[in-house]
Number of protein chains: 2
Amino acid sequence: MRCANVEVMQTEMLDVFREVARQRSITGAATTLRYTQSAVSRQIAALELAVGARLFDRLPRGVALTEEGRCLLEHATAILDRLALARRDVAAVHAGTAGRLRVGAFATADAALVPRALARFRATRPGVRLSLIEGVTGRLLAALLAGDADVVLVTTSADRPFDDPRFRVHHVLDEPVLLAVPQDHRLASASPVRLAALTDEAWIAGSASPEETLLGPSVRLGFRPRIDFVAAEWTAKLGFVAAGLGVTLVPALAARTAPADVRLLPLDPREVPPRTVLAATLPGRTLPPPVADFLTIVRDLAQGGSSPTGANSVRGC
Amino acid sequence: MRCANVEVMQTEMLDVFREVARQRSITGAATTLRYTQSAVSRQIAALELAVGARLFDRLPRGVALTEEGRCLLEHATAILDRLALARRDVAAVHAGTAGRLRVGAFATADAALVPRALARFRATRPGVRLSLIEGVTGRLLAALLAGDADVVLVTTSADRPFDDPRFRVHHVLDEPVLLAVPQDHRLASASPVRLAALTDEAWIAGSASPEETLLGPSVRLGFRPRIDFVAAEWTAKLGFVAAGLGVTLVPALAARTAPADVRLLPLDPREVPPRTVLAATLPGRTLPPPVADFLTIVRDLAQGGSSPTGANSVRGC
DNA sequence: GCGCTGCGATGCCACCAACGAATGTCTGGC
DNA sequence: GCCAGACATTCGTTGGTGGCATCGCAGCGC
């Protein structure tokens, strides 16, 4: 019975209102807007009903804004401008010339792979705001779920497939694991090294329980290392190695951070399977162009698409 | 044939969009907004068509904003907030609790009448921004026409009725004109003074041609003053009078600025008709509450509604 | 494994809100 | 005093929009 939207200010109303205010004429605005005079007249009447105040004084020649109309005009102009801005902004995001890309990655990926990828990304999409969070796999996946990241780079061992349905995974690269030994180690010139030759070595690992470290896959294959030192940071582990206190495993991505007095030796991939680097996104979501681009760039770089990373230089051995 | 407003973002669309984004559910938003699920679904589809991008990813349980949707949400929120602000603002202006009042007035009105009126006005409508422009009648009326003032106070002599159809006039007060004489003048105790007694006086006037001054009406009635000194400012004229160099006419509103050694004498209103003070607004416009209030207050003050002005104290003589 | 359930999309229909055309009304000007 | 210009109003029509019902799809539980 009664009009439902008697109180609604539609954007078209505001547009008509603005034009009438500009021209100080209902008939003129109607002509400009390709409406009939009656249509504009009724639009203004409806808007006046909606705001509960007369917006124009009707003069013998045209109309004049009332104080209420002048007040509304400021707001209407701002609203219509913002609406136009919203159009342009959404279009820019859609085209990939604006927006944001929030990447999450593990520490060694941030050494070279991610910054190079982001640099190349920025060159092609300079309007996209970039941000990065670093952390371990669990934190990264939580951030992705929480909506705090658009794509995260995580690692997993090949013997533990990543099949959580809450994530969509994109393969990035299979990263060989290297053995770090002191420069004068007895195996420093052996290639490749077999695990059987390392049973009596003093190991340096990130945790006292080797299951959770890079040694995990090999442990599950039957290898039993003797862990003498526990250190979390790569620089610390490599420092111990350089001092001749033991050996450790190093992912290829961290190879470039190794000091000169440490030798990195390839291992048999059947005994020490490569670590898989994955990108994870949320399933069911359309990949925004920035994310898709970033994935392409990261994969390209991982395959040696540009100046080789430490991983690639060693993989060639 | 084709939809005319396929590209329009209506405010209701944005409202629905915001609610869907908040609840991450089309069905939920429909329930909250008292719509059916199909209506909301189509609203979102129409909005996506309007902006040319998918705003939500449809998930098995609800929906999730895309990057474009997140972008639009910021704008939509701002727009809807501004729309609500516009409603409140216009309502406040309509109620007279907000807005502005731009008064124009001639110099002597600004001595006491206008500031007192504005002070009383502010007490009742503290939210209204006040502004004042001062000038002579011509400038004030021009400002009114140009939309730079809402109401202007001007003076006119009773023998020159103000009948310009471009203005709507509101009578404020009839202001008697007083004769200023030195304290020891021969007429200092006469009351009222007849013009016939002033034919030989040395006159001080605002212009060499008395037609344009306060003497104008009397001149048109046959009086021929001898103008010895020309000075524009009231303080200057009264200074000449105090020095015994002549006599001059003073409007009652300026009486309070007279120094103590000058006597102000009443004149016969038939020979020196009172000056009329008018308020002018634009015709055909609804008087905003602030303007109507201001007019009421000014009239009230002019009739001695509060502490008497200089005019009133003299009028009583 | 199969059916159920929950959610969004869509076809169909009805309604009314808004448009266009024509007319009415008022004011100012010649 | 009639005309012209501008806004308001009335009337008939139509397209946009919501409701109803249904479909498709995916996850979950028995």
# chains A, B, ... in the order shown; residues from 1 in each chain; ligands from 1

call {"tool": "residues_around", "arguments": {"residues": "B:Leu59", "least_positions_apart": "5", "cutoff": "8 Å", "atoms": "only C-alpha atoms (C1' of nucleotides)", "output": "VMD selection string"}}
result
(chain A and resid 284 to 285) or (chain B and resid 64)

call {"tool": "write_last_selection", "arguments": {"atoms": "N, CA and C atoms", "output": "PDB file, in the first residue's frame"}}
result
ATOM      1  N   GLY A 284      38.536 -22.418  -3.743  1.00  0.00           N
ATOM      2  CA  GLY A 284      37.240 -21.860  -4.116  1.00  0.00           C
ATOM      3  C   GLY A 284      37.284 -20.389  -4.434  1.00  0.00           C
ATOM      4  N   ARG A 285      38.417 -19.756  -4.156  1.00  0.00           N
ATOM      5  CA  ARG A 285      38.518 -18.324  -4.446  1.00  0.00           C
ATOM      6  C   ARG A 285      39.128 -18.145  -5.819  1.00  0.00           C
TER       7      ARG A 285
ATOM      8  N   ALA B  64      32.534 -15.228   0.146  1.00  0.00           N
ATOM      9  CA  ALA B  64      33.726 -14.536   0.648  1.00  0.00           C
ATOM     10  C   ALA B  64      34.064 -13.411  -0.311  1.00  0.00           C
TER      11      ALA B  64
END

call {"tool": "closest_atom_pairs", "arguments": {"of": "chain D", "to": "chain A", "cutoff": "8 Å", "atoms": "only C-alpha atoms (C1' of nucleotides)", "output": "CSV"}}
result
residue,atom,partner,partner_atom,distance
D:DG5,C1',A:Arg61,CA,7.5
D:DA6,C1',A:Arg61,CA,6.1
D:DC7,C1',A:Arg58,CA,7.4
D:DA8,C1',A:Ser41,CA,7.8

call {"tool": "select_by_dssp", "arguments": {"residues": "stretch 97-177 of chain B", "states": "helix (DSSP H, G or I)", "output": "JSON, numbers by chain"}}
result
{"B": [107, 108, 109, 110, 113, 114, 115, 116, 117, 118, 119, 120, 121, 122, 123, 124, 137, 138, 139, 140, 141, 142, 143, 144, 145, 146]}

call {"tool": "write_last_selection", "arguments": {"atoms": "C-alpha atoms", "output": "short mmCIF file (atom, residue, chain, number, x, y, z; two decimals), in the first residue's frame"}}
result
data_model
loop_
_atom_site.label_atom_id
_atom_site.label_comp_id
_atom_site.auth_asym_id
_atom_site.auth_seq_id
_atom_site.Cartn_x
_atom_site.Cartn_y
_atom_site.Cartn_z
CA ALA B 107 27.67 50.48 9.92
CA THR B 108 25.54 52.10 12.60
CA ALA B 109 23.38 49.00 12.92
CA ASP B 110 26.55 47.10 13.72
CA LEU B 113 21.56 46.45 17.27
CA VAL B 114 23.11 43.67 15.18
CA PRO B 115 25.65 42.37 17.70
CA ARG B 116 23.00 42.23 20.40
CA ALA B 117 20.61 40.46 18.09
CA LEU B 118 23.28 37.96 17.09
CA ALA B 119 24.21 37.36 20.71
CA ARG B 120 20.63 36.62 21.61
CA PHE B 121 20.29 34.48 18.48
CA ARG B 122 23.34 32.42 19.37
CA ALA B 123 21.90 31.75 22.79
CA THR B 124 18.86 30.06 21.26
CA THR B 137 22.86 49.73 1.09
CA GLY B 138 23.93 49.13 -2.48
CA ARG B 139 26.66 46.68 -1.56
CA LEU B 140 24.39 44.85 0.86
CA LEU B 141 21.60 44.39 -1.64
CA ALA B 142 24.10 43.22 -4.23
CA ALA B 143 25.46 40.66 -1.76
CA LEU B 144 21.92 39.47 -1.09
CA LEU B 145 21.26 39.06 -4.80
CA ALA B 146 24.56 37.29 -5.29
#

call {"tool": "residues_around", "arguments": {"residues": "B:Arg194", "least_positions_apart": "2", "cutoff": "12 Å", "atoms": "only C-alpha atoms (C1' of nucleotides)", "output": "compact mmCIF listing (two decimals) with C-alpha atoms, in the first residue's frame"}}
result
# COMPACT_ATOMS: atom_id res chain seq x y z
CA LEU B 178 18.62 63.71 15.86
CA LEU B 179 20.35 67.04 15.69
CA LEU B 187 19.50 75.55 21.05
CA ALA B 190 15.33 73.61 23.01
CA SER B 191 13.09 70.64 22.35
CA PRO B 192 12.02 69.86 19.80
CA ALA B 196 13.49 77.15 10.60
CA ALA B 197 15.84 77.85 13.48
CA LEU B 198 18.74 76.17 11.65
CA THR B 199 18.90 77.98 8.33
CA SER B 218 14.31 67.71 4.46
CA PHE B 223 15.08 73.05 3.47
CA LEU B 265 18.25 67.07 20.19
CA PRO B 266 14.98 65.69 18.85
CA LEU B 267 13.60 67.19 15.68
CA ASP B 268 10.08 67.54 14.38
CA PRO B 269 9.36 64.30 12.51
CA ARG B 270 7.24 66.19 10.00
CA GLU B 271 10.24 68.27 8.96
CA VAL B 272 12.90 65.61 9.38

call {"tool": "atom_distance", "arguments": {"atom1": "atom CA of A:Thr286", "atom2": "atom CA of B:His75"}}
result
21.6 Å

call {"tool": "residues_around", "arguments": {"residues": "D:DG1", "least_positions_apart": "2", "cutoff": "12 Å", "atoms": "only C-alpha atoms (C1' of nucleotides)", "output": "JSON, numbers by chain"}}
result
{"C": [29, 30], "D": [3]}

call {"tool": "write_last_selection", "arguments": {"atoms": "C-alpha atoms (C1' of nucleotides)", "output": "PDB file, in the first residue's frame"}}
result
ATOM      1  C1'  DG C  29       6.609  40.422 -19.582  1.00  0.00           C
ATOM      2  C1'  DC C  30       5.251  42.652 -23.841  1.00  0.00           C
TER       3       DC C  30
ATOM      4  C1'  DC D   3       1.264  35.033 -24.093  1.00  0.00           C
TER       5       DC D   3
END

call {"tool": "interface_residues", "arguments": {"of": "chain A", "to": "chain B", "cutoff": "9 Å", "atoms": "only C-alpha atoms", "output": "MDAnalysis selection string"}}
result
chainID A and resid 8:12 50:54 56:60 64:69 71:72 74:76 78:80 82:83 85:94 99:100 283:288

call {"tool": "write_last_selection", "arguments": {"atoms": "N, CA and C atoms", "output": "tab-separated table (two decimals), in the first residue's frame"}}
result
chain	number	residue	atom	x	y	z
A	8	VAL	N	14.10	6.46	0.98
A	8	VAL	CA	15.40	6.09	0.41
A	8	VAL	C	15.91	7.20	-0.49
A	9	MET	N	17.19	7.48	-0.34
A	9	MET	CA	17.85	8.39	-1.27
A	9	MET	C	18.65	7.56	-2.25
A	10	GLN	N	18.15	7.40	-3.42
A	10	GLN	CA	18.88	6.64	-4.42
A	10	GLN	C	19.93	7.52	-5.08
A	11	THR	N	20.94	6.87	-5.60
A	11	THR	CA	22.02	7.66	-6.19
A	11	THR	C	21.53	8.44	-7.42
A	12	GLU	N	20.61	7.85	-8.14
A	12	GLU	CA	20.10	8.58	-9.30
A	12	GLU	C	19.39	9.85	-8.88
A	50	ALA	N	11.94	12.28	0.99
A	50	ALA	CA	12.87	11.38	1.67
A	50	ALA	C	13.63	12.10	2.78
A	51	VAL	N	14.08	13.31	2.51
A	51	VAL	CA	14.85	14.02	3.54
A	51	VAL	C	13.95	14.82	4.46
A	52	GLY	N	12.69	14.95	4.10
A	52	GLY	CA	11.77	15.65	4.98
A	52	GLY	C	11.93	17.15	4.98
A	53	ALA	N	12.43	17.69	3.91
A	53	ALA	CA	12.59	19.15	3.85
A	53	ALA	C	12.52	19.59	2.40
A	54	ARG	N	12.06	20.79	2.20
A	54	ARG	CA	12.03	21.36	0.86
A	54	ARG	C	13.44	21.72	0.46
A	56	PHE	N	14.32	23.00	-2.76
A	56	PHE	CA	14.37	24.14	-3.68
A	56	PHE	C	13.20	25.06	-3.40
A	57	ASP	N	13.42	26.34	-3.57
A	57	ASP	CA	12.31	27.28	-3.67
A	57	ASP	C	11.97	27.40	-5.14
A	58	ARG	N	10.69	27.25	-5.43
A	58	ARG	CA	10.25	27.35	-6.82
A	58	ARG	C	10.02	28.81	-7.16
A	59	LEU	N	10.78	29.31	-8.10
A	59	LEU	CA	10.67	30.70	-8.51
A	59	LEU	C	9.98	30.76	-9.87
A	60	PRO	N	9.54	31.95	-10.24
A	60	PRO	CA	8.90	32.07	-11.56
A	60	PRO	C	9.82	31.63	-12.69
A	64	ALA	N	15.60	27.69	-6.82
A	64	ALA	CA	16.77	28.13	-6.04
A	64	ALA	C	16.89	27.23	-4.83
A	65	LEU	N	18.12	26.86	-4.51
A	65	LEU	CA	18.36	25.99	-3.37
A	65	LEU	C	17.91	26.65	-2.08
A	66	THR	N	17.27	25.88	-1.23
A	66	THR	CA	17.04	26.34	0.13
A	66	THR	C	18.29	26.06	0.94
A	67	GLU	N	18.27	26.46	2.20
A	67	GLU	CA	19.42	26.18	3.06
A	67	GLU	C	19.61	24.67	3.20
A	68	GLU	N	18.50	23.95	3.34
A	68	GLU	CA	18.59	22.50	3.43
A	68	GLU	C	19.16	21.92	2.13
A	69	GLY	N	18.73	22.49	1.01
A	69	GLY	CA	19.24	22.01	-0.27
A	69	GLY	C	20.73	22.25	-0.40
A	71	CYS	N	22.80	22.42	1.96
A	71	CYS	CA	23.45	21.44	2.85
A	71	CYS	C	23.53	20.07	2.18
A	72	LEU	N	22.40	19.66	1.61
A	72	LEU	CA	22.40	18.34	0.97
A	72	LEU	C	23.33	18.31	-0.22
A	74	GLU	N	26.20	19.62	-0.73
A	74	GLU	CA	27.58	19.28	-0.36
A	74	GLU	C	27.75	17.78	-0.19
A	75	HIS	N	26.81	17.20	0.55
A	75	HIS	CA	26.91	15.76	0.79
A	75	HIS	C	26.71	14.99	-0.51
A	76	ALA	N	25.73	15.41	-1.30
A	76	ALA	CA	25.43	14.68	-2.54
A	76	ALA	C	26.64	14.70	-3.46
A	78	ALA	N	29.75	14.99	-2.61
A	78	ALA	CA	30.78	14.10	-2.04
A	78	ALA	C	30.42	12.65	-2.31
A	79	ILE	N	29.17	12.31	-2.14
A	79	ILE	CA	28.75	10.92	-2.32
A	79	ILE	C	28.93	10.49	-3.77
A	80	LEU	N	28.50	11.35	-4.69
A	80	LEU	CA	28.60	10.97	-6.10
A	80	LEU	C	30.07	10.90	-6.52
A	82	ARG	N	32.51	10.07	-4.57
A	82	ARG	CA	33.04	8.84	-3.99
A	82	ARG	C	32.57	7.64	-4.78
A	83	LEU	N	31.35	7.71	-5.27
A	83	LEU	CA	30.81	6.62	-6.07
A	83	LEU	C	31.63	6.45	-7.35
A	85	LEU	N	34.68	7.39	-7.72
A	85	LEU	CA	35.99	6.88	-7.29
A	85	LEU	C	35.92	5.37	-7.06
A	86	ALA	N	34.83	4.92	-6.46
A	86	ALA	CA	34.68	3.49	-6.21
A	86	ALA	C	34.70	2.72	-7.53
A	87	ARG	N	33.97	3.23	-8.51
A	87	ARG	CA	33.99	2.60	-9.84
A	87	ARG	C	35.41	2.45	-10.35
A	88	ARG	N	36.13	3.56	-10.36
A	88	ARG	CA	37.48	3.54	-10.91
A	88	ARG	C	38.39	2.62	-10.11
A	89	ASP	N	38.20	2.68	-8.80
A	89	ASP	CA	39.08	1.89	-7.94
A	89	ASP	C	38.86	0.40	-8.15
A	90	VAL	N	37.60	0.01	-8.18
A	90	VAL	CA	37.30	-1.41	-8.39
A	90	VAL	C	37.80	-1.85	-9.76
A	91	ALA	N	37.61	-0.99	-10.75
A	91	ALA	CA	38.08	-1.34	-12.09
A	91	ALA	C	39.60	-1.52	-12.09
A	92	ALA	N	40.28	-0.65	-11.35
A	92	ALA	CA	41.74	-0.74	-11.29
A	92	ALA	C	42.17	-2.04	-10.60
A	93	VAL	N	41.50	-2.37	-9.52
A	93	VAL	CA	41.82	-3.63	-8.85
A	93	VAL	C	41.55	-4.79	-9.78
A	94	HIS	N	40.44	-4.70	-10.49
A	94	HIS	CA	40.09	-5.78	-11.40
A	94	HIS	C	41.13	-5.93	-12.50
A	99	GLY	N	45.42	-2.32	-5.93
A	99	GLY	CA	45.13	-3.40	-4.99
A	99	GLY	C	46.32	-3.70	-4.12
A	100	ARG	N	46.37	-4.91	-3.62
A	100	ARG	CA	47.44	-5.27	-2.70
A	100	ARG	C	47.78	-6.74	-2.89
A	283	PRO	N	41.03	-22.30	-1.16
A	283	PRO	CA	40.32	-22.97	-2.25
A	283	PRO	C	38.99	-22.29	-2.52
A	284	GLY	N	38.54	-22.42	-3.74
A	284	GLY	CA	37.24	-21.86	-4.12
A	284	GLY	C	37.28	-20.39	-4.43
A	285	ARG	N	38.42	-19.76	-4.16
A	285	ARG	CA	38.52	-18.32	-4.45
A	285	ARG	C	39.13	-18.15	-5.82
A	286	THR	N	38.62	-17.16	-6.52
A	286	THR	CA	39.24	-16.81	-7.78
A	286	THR	C	40.59	-16.17	-7.47
A	287	LEU	N	41.62	-16.61	-8.16
A	287	LEU	CA	42.94	-16.05	-7.92
A	287	LEU	C	42.97	-14.63	-8.47
A	288	PRO	N	43.19	-13.63	-7.63
A	288	PRO	CA	43.32	-12.27	-8.16
A	288	PRO	C	44.53	-12.21	-9.08

call {"tool": "residues_around", "arguments": {"residues": "D:DA21", "least_positions_apart": "3", "cutoff": "12 Å", "atoms": "only C-alpha atoms (C1' of nucleotides)", "output": "PyMOL selection string"}}
result
(chain B and resi 38) or (chain C and resi 10-13)

call {"tool": "closest_residue", "arguments": {"among": "A:Leu195, A:Ala46, A:Leu14, A:Leu132", "to": "A:Pro273", "atoms": "only C-alpha atoms"}}
result
A:Leu195

call {"tool": "residues_around", "arguments": {"residues": "A:Lys237", "least_positions_apart": "4", "cutoff": "8 Å", "atoms": "only C-alpha atoms (C1' of nucleotides)", "output": "PyMOL selection string"}}
result
chain A and resi 204-205+231-233+241+248

call {"tool": "write_last_selection", "arguments": {"atoms": "C-alpha atoms", "output": "mmCIF file, in the first residue's frame"}}
result
data_model
loop_
_atom_site.group_PDB
_atom_site.id
_atom_site.type_symbol
_atom_site.label_atom_id
_atom_site.label_comp_id
_atom_site.auth_asym_id
_atom_site.auth_seq_id
_atom_site.Cartn_x
_atom_site.Cartn_y
_atom_site.Cartn_z
ATOM 1 C CA ILE A 204 73.835 -30.088 14.225
ATOM 2 C CA ALA A 205 70.056 -29.833 13.973
ATOM 3 C CA ALA A 231 70.573 -24.471 16.946
ATOM 4 C CA ALA A 232 67.629 -22.839 15.249
ATOM 5 C CA GLU A 233 69.233 -20.288 12.969
ATOM 6 C CA VAL A 241 80.017 -26.453 10.882
ATOM 7 C CA THR A 248 74.229 -30.356 9.150
#

call {"tool": "interface_residues", "arguments": {"of": "chain C", "to": "chain A", "cutoff": "9 Å", "atoms": "only C-alpha atoms (C1' of nucleotides)", "output": "ChimeraX atom specification"}}
result
/C:16-20,26-28

call {"tool": "write_last_selection", "arguments": {"atoms": "C-alpha atoms (C1' of nucleotides)", "output": "mmCIF file, in the first residue's frame"}}
result
data_model
loop_
_atom_site.group_PDB
_atom_site.id
_atom_site.type_symbol
_atom_site.label_atom_id
_atom_site.label_comp_id
_atom_site.auth_asym_id
_atom_site.auth_seq_id
_atom_site.Cartn_x
_atom_site.Cartn_y
_atom_site.Cartn_z
ATOM 1 C "C1'" DC C 16 4.164 -0.959 -8.277
ATOM 2 C "C1'" DA C 17 7.274 2.615 -8.981
ATOM 3 C "C1'" DA C 18 8.684 5.616 -12.332
ATOM 4 C "C1'" DC C 19 8.537 7.262 -16.918
ATOM 5 C "C1'" DG C 20 6.385 9.918 -20.947
ATOM 6 C "C1'" DC C 26 1.186 30.522 -11.597
ATOM 7 C "C1'" DT C 27 4.019 34.481 -12.614
ATOM 8 C "C1'" DG C 28 6.275 37.915 -15.280
#

call {"tool": "residues_around", "arguments": {"residues": "B:Pro217", "least_positions_apart": "3", "cutoff": "12 Å", "atoms": "only C-alpha atoms (C1' of nucleotides)", "output": "ChimeraX atom specification"}}
result
/B:156-161,177,210-214,220-224,249,269-276

call {"tool": "write_last_selection", "arguments": {"atoms": "C-alpha atoms", "output": "CSV table (one decimal), in the first residue's frame"}}
result
chain,number,residue,atom,x,y,z
B,156,THR,CA,15.8,54.1,3.5
B,157,SER,CA,14.0,57.4,4.0
B,158,ALA,CA,10.3,57.3,4.5
B,159,ASP,CA,9.7,59.5,1.5
B,160,ARG,CA,11.4,57.0,-0.8
B,161,PRO,CA,9.5,53.8,-0.4
B,177,VAL,CA,17.0,61.5,13.2
B,210,PRO,CA,22.8,67.1,0.7
B,211,GLU,CA,20.3,65.1,-1.4
B,212,GLU,CA,22.3,62.0,-0.7
B,213,THR,CA,22.7,62.5,3.0
B,214,LEU,CA,20.4,62.3,6.0
B,220,ARG,CA,13.1,67.6,-0.7
B,221,LEU,CA,10.7,69.4,1.7
B,222,GLY,CA,12.3,72.7,0.9
B,223,PHE,CA,15.1,73.1,3.5
B,224,ARG,CA,18.3,74.6,2.2
B,249,LEU,CA,22.2,65.1,11.8
B,269,PRO,CA,9.4,64.3,12.5
B,270,ARG,CA,7.2,66.2,10.0
B,271,GLU,CA,10.2,68.3,9.0
B,272,VAL,CA,12.9,65.6,9.4
B,273,PRO,CA,11.1,62.3,8.8
B,274,PRO,CA,12.5,59.2,10.6
B,275,ARG,CA,14.8,57.0,8.7
B,276,THR,CA,13.3,53.6,8.1

call {"tool": "atom_distance", "arguments": {"atom1": "atom C1' of D:DT17", "atom2": "atom CA of A:Glu7"}}
result
17.2 Å

call {"tool": "select_by_dssp", "arguments": {"residues": "stretch 92-214 of chain A", "states": "strand (DSSP E or B)", "output": "VMD selection string"}}
result
chain A and resid 100 to 105 129 to 134 151 to 157 168 to 175 177 to 182 193 202 to 205

call {"tool": "write_last_selection", "arguments": {"atoms": "N, CA and C atoms", "output": "compact mmCIF listing (two decimals), in the first residue's frame"}}
result
# COMPACT_ATOMS: atom_id res chain seq x y z
N ARG A 100 46.37 -4.91 -3.62
CA ARG A 100 47.44 -5.27 -2.70
C ARG A 100 47.78 -6.74 -2.89
N LEU A 101 48.95 -7.06 -2.50
CA LEU A 101 49.39 -8.46 -2.54
C LEU A 101 50.12 -8.74 -1.24
N ARG A 102 49.53 -9.62 -0.44
CA ARG A 102 50.11 -9.92 0.87
C ARG A 102 50.68 -11.33 0.81
N VAL A 103 51.99 -11.39 0.83
CA VAL A 103 52.69 -12.66 0.69
C VAL A 103 53.17 -13.12 2.05
N GLY A 104 53.09 -14.39 2.28
CA GLY A 104 53.70 -14.97 3.46
C GLY A 104 54.74 -15.98 3.01
N ALA A 105 55.84 -16.07 3.72
CA ALA A 105 56.89 -16.99 3.30
C ALA A 105 57.73 -17.41 4.49
N ARG A 129 50.09 -2.54 -3.84
CA ARG A 129 50.82 -2.43 -2.57
C ARG A 129 51.26 -3.81 -2.12
N LEU A 130 52.52 -3.94 -1.78
CA LEU A 130 53.08 -5.23 -1.39
C LEU A 130 53.28 -5.28 0.11
N SER A 131 53.06 -6.45 0.67
CA SER A 131 53.41 -6.65 2.08
C SER A 131 53.81 -8.10 2.27
N LEU A 132 54.56 -8.32 3.32
CA LEU A 132 55.13 -9.65 3.55
C LEU A 132 55.02 -10.00 5.01
N ILE A 133 54.70 -11.25 5.28
CA ILE A 133 54.83 -11.75 6.64
C ILE A 133 55.71 -12.98 6.58
N GLU A 134 56.57 -13.11 7.57
CA GLU A 134 57.47 -14.25 7.62
C GLU A 134 57.09 -15.12 8.79
N VAL A 151 48.64 -15.21 -0.32
CA VAL A 151 49.33 -16.43 -0.75
C VAL A 151 50.52 -16.62 0.18
N VAL A 152 50.77 -17.87 0.55
CA VAL A 152 51.90 -18.15 1.44
C VAL A 152 52.75 -19.25 0.83
N LEU A 153 54.06 -19.09 0.99
CA LEU A 153 55.01 -20.11 0.56
C LEU A 153 55.38 -20.95 1.76
N VAL A 154 55.19 -22.25 1.63
CA VAL A 154 55.50 -23.15 2.74
C VAL A 154 56.31 -24.32 2.19
N THR A 155 56.91 -25.05 3.11
CA THR A 155 57.69 -26.22 2.70
C THR A 155 57.05 -27.47 3.27
N THR A 156 57.27 -28.55 2.56
CA THR A 156 56.82 -29.84 3.06
C THR A 156 57.75 -30.89 2.48
N SER A 157 57.91 -31.96 3.19
CA SER A 157 58.75 -33.02 2.66
C SER A 157 57.93 -33.88 1.72
N ARG A 168 44.46 -24.67 -1.10
CA ARG A 168 44.75 -25.02 -2.48
C ARG A 168 46.24 -24.81 -2.68
N VAL A 169 46.94 -25.87 -3.12
CA VAL A 169 48.39 -25.77 -3.19
C VAL A 169 48.84 -25.66 -4.65
N HIS A 170 49.92 -24.93 -4.82
CA HIS A 170 50.53 -24.75 -6.14
C HIS A 170 52.00 -25.11 -5.98
N HIS A 171 52.44 -26.07 -6.76
CA HIS A 171 53.82 -26.50 -6.65
C HIS A 171 54.75 -25.41 -7.15
N VAL A 172 55.81 -25.14 -6.39
CA VAL A 172 56.75 -24.09 -6.79
C VAL A 172 58.08 -24.71 -7.20
N LEU A 173 58.66 -25.49 -6.32
CA LEU A 173 59.90 -26.13 -6.72
C LEU A 173 60.23 -27.26 -5.75
N ASP A 174 61.02 -28.21 -6.22
CA ASP A 174 61.56 -29.25 -5.36
C ASP A 174 62.99 -28.86 -5.05
N GLU A 175 63.20 -28.65 -3.78
CA GLU A 175 64.45 -28.04 -3.34
C GLU A 175 65.36 -29.13 -2.76
N VAL A 177 68.23 -30.96 -0.69
CA VAL A 177 68.83 -30.70 0.61
C VAL A 177 70.33 -31.00 0.51
N LEU A 178 71.14 -30.10 1.01
CA LEU A 178 72.59 -30.23 0.89
C LEU A 178 73.20 -30.56 2.24
N LEU A 179 74.36 -31.16 2.18
CA LEU A 179 75.12 -31.46 3.40
C LEU A 179 76.20 -30.41 3.56
N ALA A 180 76.19 -29.77 4.73
CA ALA A 180 77.22 -28.77 5.01
C ALA A 180 78.31 -29.42 5.85
N VAL A 181 79.55 -29.32 5.36
CA VAL A 181 80.68 -29.91 6.09
C VAL A 181 81.79 -28.86 6.17
N PRO A 182 82.69 -29.00 7.15
CA PRO A 182 83.84 -28.08 7.20
C PRO A 182 84.69 -28.24 5.94
N VAL A 193 77.28 -37.69 -1.66
CA VAL A 193 77.55 -38.33 -0.38
C VAL A 193 76.42 -39.31 -0.07
N ALA A 202 79.04 -36.01 13.99
CA ALA A 202 78.33 -35.19 14.97
C ALA A 202 77.39 -34.27 14.20
N TRP A 203 76.07 -34.38 14.49
CA TRP A 203 75.09 -33.59 13.74
C TRP A 203 74.68 -32.34 14.49
N ILE A 204 74.40 -31.33 13.70
CA ILE A 204 73.84 -30.09 14.22
C ILE A 204 72.44 -29.98 13.62
N ALA A 205 71.43 -29.84 14.48
CA ALA A 205 70.06 -29.83 13.97
C ALA A 205 69.26 -28.73 14.65
